[in-house]
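See structure below.
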Number of protein chains: 2
Amino acid sequence: MRQAGRYLPEYRELRGDRDILETIRTPEQAVEVTLQPLRRMPVDAAILFSDIVVPLVAVGVPIRIEAGRGPVLDDPFRGDADLARLRPLEPEADEPYVLETVRLLAKELQVPLIGFAGAPFTLASYAIEGGHSNNFARTKALMYGTPAAWHRLCERLSGMSADYLAAQVEAGVDAVQVFDSWVGALNASDYREFILPHTRRIFERLSAFHVPVIHFGVGTGAILAELREAGGDVIGADWRTPLDEAWQRIGPDRAIQGNLDPTLLLGPLDRALAATDDVLARAGGRPGHIFNLGHGILPGTPVDHVQAIARYVHQKTRR
Amino acid sequence: MRQAGRYLPEYRELRGDRDILETIRTPEQAVEVTLQPLRRMPVDAAILFSDIVVPLVAVGVPIRIEAGRGPVLDDPFRGDADLARLRPLEPEADEPYVLETVRLLAKELQVPLIGFAGAPFTLASYAIEGGHSNNFARTKALMYGTPAAWHRLCERLSGMSADYLAAQVEAGVDAVQVFDSWVGALNASDYREFILPHTRRIFERLSAFHVPVIHFGVGTGAILAELREAGGDVIGADWRTPLDEAWQRIGPDRAIQGNLDPTLLLGPLDRALAATDDVLARAGGRPGHIFNLGHGILPGTPVDHVQAIARYVHQKTRR
């Protein structure tokens with residue numbers, strides 16, 4: 001989860017004052033940032049350095065990423081009239097740099113490479129709110145108020161994400177993650193009506209490629225069964241629900257990713273290791289548990305804590 | 001839930017450009033704002049116009065409330081050294097205006113008056129983050145990193161809230177609500193260790209007064225049983241967990257408050273009424289259900305939607 005993230009000094013040095021989107025558009029740099037965490041610690045996979053808004057920017061939606069604020073749109077979507085702003089994505093023409101980054105990494109890496117894209121609710125929320133939101137009031141007002149326009153928007157967004165992920169797989173990623181980070185703002189009934197059919201299309205499209213697909217959101221304790229139903233070989237869970245309970249809701253025939261609270265890494269290591277023990281105990285050594293944080297790594301996280309946890313998990317699970 | 005809130009034009013007119021804390025400190029105005037929603041719709045109780053940071057401000061912590069941003073502290077708490085900033089609250093001396101507002105309202109009202117205060121995690125998060133937070137990184141870093149300092153801080157905060165609520169009851173409120181709005185950021189294990197003993201002390205202190213006590217948080221689906229254990233005759237639930245499931249976790253011997261998604265009021269009325277039907281059906285007509293929104297009413301909510309829902313709930317539940 002955001003291994004490349006905001007905690008490695010060598011990343012901050014490489015980025016300097018440059019726009020993060022500029023770094024993503026420069027394959028040599030994106031490759032380097034993707035590799036940085038692997039040099040630091042024994043993680044089992046690399047996660048492509050990119051951002052979920054990249055395809056939106058690539059089709060011409062003006063979004064910038066501000067430090068400490070995230071994606072910002074000065075001219076947010078208001079309804080059907082904005083659909084014209086979302087022409088179909090042509091990954092090779094629109095995002096050659098991402099695919100070039102993937103190709104370069106595929107040649108170099110000794111571990112699997114995970115690509116990713118955003119899912120409809122999360123992408124729509126940025127487009128409609130114009131940035132991060134605490135209550136998703138505008139997003140839900142459009143969703144409840146003009147459901148037909150909502151569904152058309154989500155069709156475009158899910159089509160875009162599916163095309164983007166398919167191109168990543170063709171370029172060489174070994175697994176993909178679908179981020180519906182903010183969908184935990186919905187209850188199960190709204191999820192079923194407004195999101196599930198769209199997210200499901202992404203997973204259906206990907207099924208032809210036979211790569212593992214991870215489906216992730218935060219605060220989704222009440223809708224884990226619905227996320228599973230939408231699709232994904234692996235369902236991500238945050239720290240709010242204990243891993244064994246989360247896995248029970250997801251079902252034993254799916255894998256689970258999670259679920260250490262990333263804020264634990266800001267505290268003393270012994271407490272973080274004890275919480276890691278608890279996650280591993282709840283996973284019970286069953287195959288299909290991918291140890292991970294429950295959400296992105298936080299700025300200011302001590303690198304040696306991340307390293308110690310990666311080592312500790314290996315030591316405890318590799319017999 | 002924030003009946004006085006941010007949606008009534010007569011409230012905005014009365015407030016004008018004045019600081020919200022200034023309005024709270026002026027009993028005639030606070031009385032008027034408390035009464036405004038009652039003139040608009042048949043709600044069954046009045047909720048005192050105030051804010052959870054009022055006692056902190058009253059003991060000298062410099063907090064301002066910014067429109068669209070909430071409470072802001074320029075000099076946030078960092079640890080034990082800041083404890084000295086939290087002298088014990090003397091409600092009659094420090095907040096005579098709140099108690100005067102309560103006394104005036106108690107004389108005038110035909111319906112019960114609900115007072116309220118903040119609970120330790122939520123108050124501590126404002127003090128430590130300096131405002132609203134998306135991840136509570138600083139709050140949890142202090143909690144995990146210096147547990148003894150955390151517990152001392154929470155002892156002060158829970159003592160302050162208990163004293164404040166006791167004074168409100170003595171001045172004439174008929175019920176009180178304890179807001180731990182952001183405590184859903186914790187899992188059950190952390191809640192038990194860091195929060196439960198402190199919140200419980202508030203409820204224990206209040207038990208002598210024999211007034212109903214409501215215990216509320218957002219995103220608490222995974223810790224409803226722990227909220228119940230900490231205390232409260234009524235446990236609040238947001239819309240993420242269906243009301244019947246939430247009530248099951250809380251237990252049949254407690255009442256429940258909730259749980260319509262407030263964003264529904266921004267959409268078409270027929271959808272909001274259908275969702276209201278669903279909440280009422282899940283409550284099953286059992287005594288002990290207080291119909292309410294799952295969180296505060298949002299700016300821009302049409303007044304006629306709030307009115308229609310208040311009328312509808314009465315029509316459906318008063319036989």
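Residues are named by chain letter and number: chains run A, B, ... in the order of the structure tokens, numbers start at 1 in each chain, and ligands are numbered from 1 in the order shown.
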
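Within the 8 Å cut-off around A:Leu265, using only C-alpha atoms and omitting residues fewer than 2 positions from it on the same chain, the listed residues are Asp261, Pro262, Thr263, Gly267, Pro268, Leu269, Ala272, Thr301, Pro302, His305 and Val306 of chain A.
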
In stretch 98-309 of chain A, what's helix (DSSP H, G or I) per DSSP? Answer as a ChimeraX atom specification?
-> /A:98-108,120-129,137-145,147-171,183-185,188-194,196-207,221-230,243-250,262-266,269-283,303-309

Show me which bits of chain A are within 7 Å of chain B, counting only C-alpha atoms, as a list in words.
-> Ala137, Lys140, Ala141, Tyr144, Gly145, Leu186, Asn187, Ala222, Trp239, Arg240, Thr241, Thr263, Leu266, Gly267 and Pro268 of chain A

Please provide as a VMD selection string all residues within 12 Å of A:Asp19, with the sequence filter that same-chain residues fewer than 4 positions apart are discarded (counting only C-alpha atoms).
-> chain A and resid 12 14 to 15 23 to 26 63 to 67 70 to 71

Write out as a PDB file with N, CA and C atoms, in the first residue's frame the residues lying within 8 Å of A:Arg311, counting only C-alpha atoms and excluding same-chain residues fewer than 3 positions away.
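Written file, around_31.pdb:
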ATOM      1  N   MET A  41      13.570  -2.922   2.034  1.00  0.00           N
ATOM      2  CA  MET A  41      12.974  -3.966   2.884  1.00  0.00           C
ATOM      3  C   MET A  41      12.474  -5.124   2.034  1.00  0.00           C
ATOM      4  N   PRO A  42      12.294  -6.299   2.684  1.00  0.00           N
ATOM      5  CA  PRO A  42      11.961  -7.498   1.923  1.00  0.00           C
ATOM      6  C   PRO A  42      10.464  -7.614   1.642  1.00  0.00           C
ATOM      7  N   GLN A 307      10.533  -1.309   7.914  1.00  0.00           N
ATOM      8  CA  GLN A 307      11.480  -2.401   7.679  1.00  0.00           C
ATOM      9  C   GLN A 307      11.320  -3.513   8.714  1.00  0.00           C
ATOM     10  N   ALA A 308      11.225  -3.115   9.968  1.00  0.00           N
ATOM     11  CA  ALA A 308      11.132  -4.113  11.037  1.00  0.00           C
ATOM     12  C   ALA A 308       9.866  -4.953  10.888  1.00  0.00           C
ATOM     13  N   HIS A 314       7.837 -11.780   7.696  1.00  0.00           N
ATOM     14  CA  HIS A 314       8.509 -12.899   7.007  1.00  0.00           C
ATOM     15  C   HIS A 314       8.989 -13.952   7.992  1.00  0.00           C
ATOM     16  N   GLN A 315       9.608 -13.464   9.044  1.00  0.00           N
ATOM     17  CA  GLN A 315      10.155 -14.371  10.054  1.00  0.00           C
ATOM     18  C   GLN A 315       9.049 -15.235  10.670  1.00  0.00           C
TER      19      GLN A 315
END

Which residues, written as a PyMOL selection string, have at least one atom at most 8 Å from B:Val31, with only C-alpha atoms counted and residues fewer than 3 positions away on the same chain left out?
-> chain B and resi 27-28+34-35+48-49+101-102+104-105

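Between atom CA of B:Trp150 and atom CA of B:Thr122 there is a distance of 12.9 Å.
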